[in-house]
Amino acid sequence: MDDEDINIVSDSLTDKNLEQIDQLLERQVQRLIEVQTYLRWMFDVFLWLTVGTASIWALRSDIGLWIATFTWAAVRITLAYNRLPMLGLGICVAMTLATLVWQSSIILWGINQREKRSLIDQVKRIKEKGKSHPLWRWVCEERL
């Protein structure tokens, strides 16, 4: 074997290694997206169980009025005189809709290049930190 053959063999080995590294990084980015989706939904559930429940509880008498005779005037009066509970419900609804839109855009159109670059950088930071990073177990650890 001369130098040219060795270079060809080493080039093909590095190409295979780079391809394996790219596939591994792609799997880790996909796992990071799944973890982020899970965490977003968990945050939404937490908001609904805390802020949403408290807001609905504060509006229970007005909700009873709405059930008895629904008018837009009753909704407007509730908005005007119960701003904090309505703000709480607005935050819960807004966060839920934001999560739905975010997840739907990923499902329908995939990830754009800027966001993918950001996710790759985030995976690299997780790898640098190692096992001490809270997401390392779910993103970087290879399961057999």
# chains A, B, ... in the order shown; residues from 1 in each chain; ligands from 1
$ residues_around --residues "Ile120 of chain A" --least-positions-apart "6" --cutoff "10 Å" --atoms "only C-alpha atoms" --output "count of residues only"
8
$ residues_around --residues "Ile63 of chain A" --least-positions-apart "6" --cutoff "10 Å" --atoms "only C-alpha atoms" --output "PyMOL selection string"
chain A and resi 56-57+69-70+74-75+78
$ residues_around --residues "Val51 of chain A" --least-positions-apart "6" --cutoff "10 Å" --atoms "only C-alpha atoms" --output "list in words"
Trp57, Pro85, Leu87, Gly88, Leu89, Ile91 and Cys92 of chain A
$ closest_residue --among "A:Glu142, A:Ile67, A:Ala73, A:Gly90" --to "Gly52 of chain A" --atoms "only C-alpha atoms"
A:Gly90
$ atom_distance --atom1 "atom CA of Thr53 of chain A" --atom2 "atom CA of Met86 of chain A"
11.6 Å
$ closest_residue --among "A:Thr96, A:Trp109, A:Leu47, A:Cys140" --to "Lys124 of chain A" --atoms "only C-alpha atoms"
A:Cys140
$ atom_distance --atom1 "atom CA of Trp102 of chain A" --atom2 "atom CA of Ser118 of chain A"
15.6 Å
$ atom_distance --atom1 "atom CA of Leu119 of chain A" --atom2 "atom CA of Val139 of chain A"
11.2 Å
$ closest_residue --among "A:Asn82, A:Pro134, A:Phe46, A:Gly110" --to "Ser61 of chain A" --atoms "only C-alpha atoms"
A:Asn82
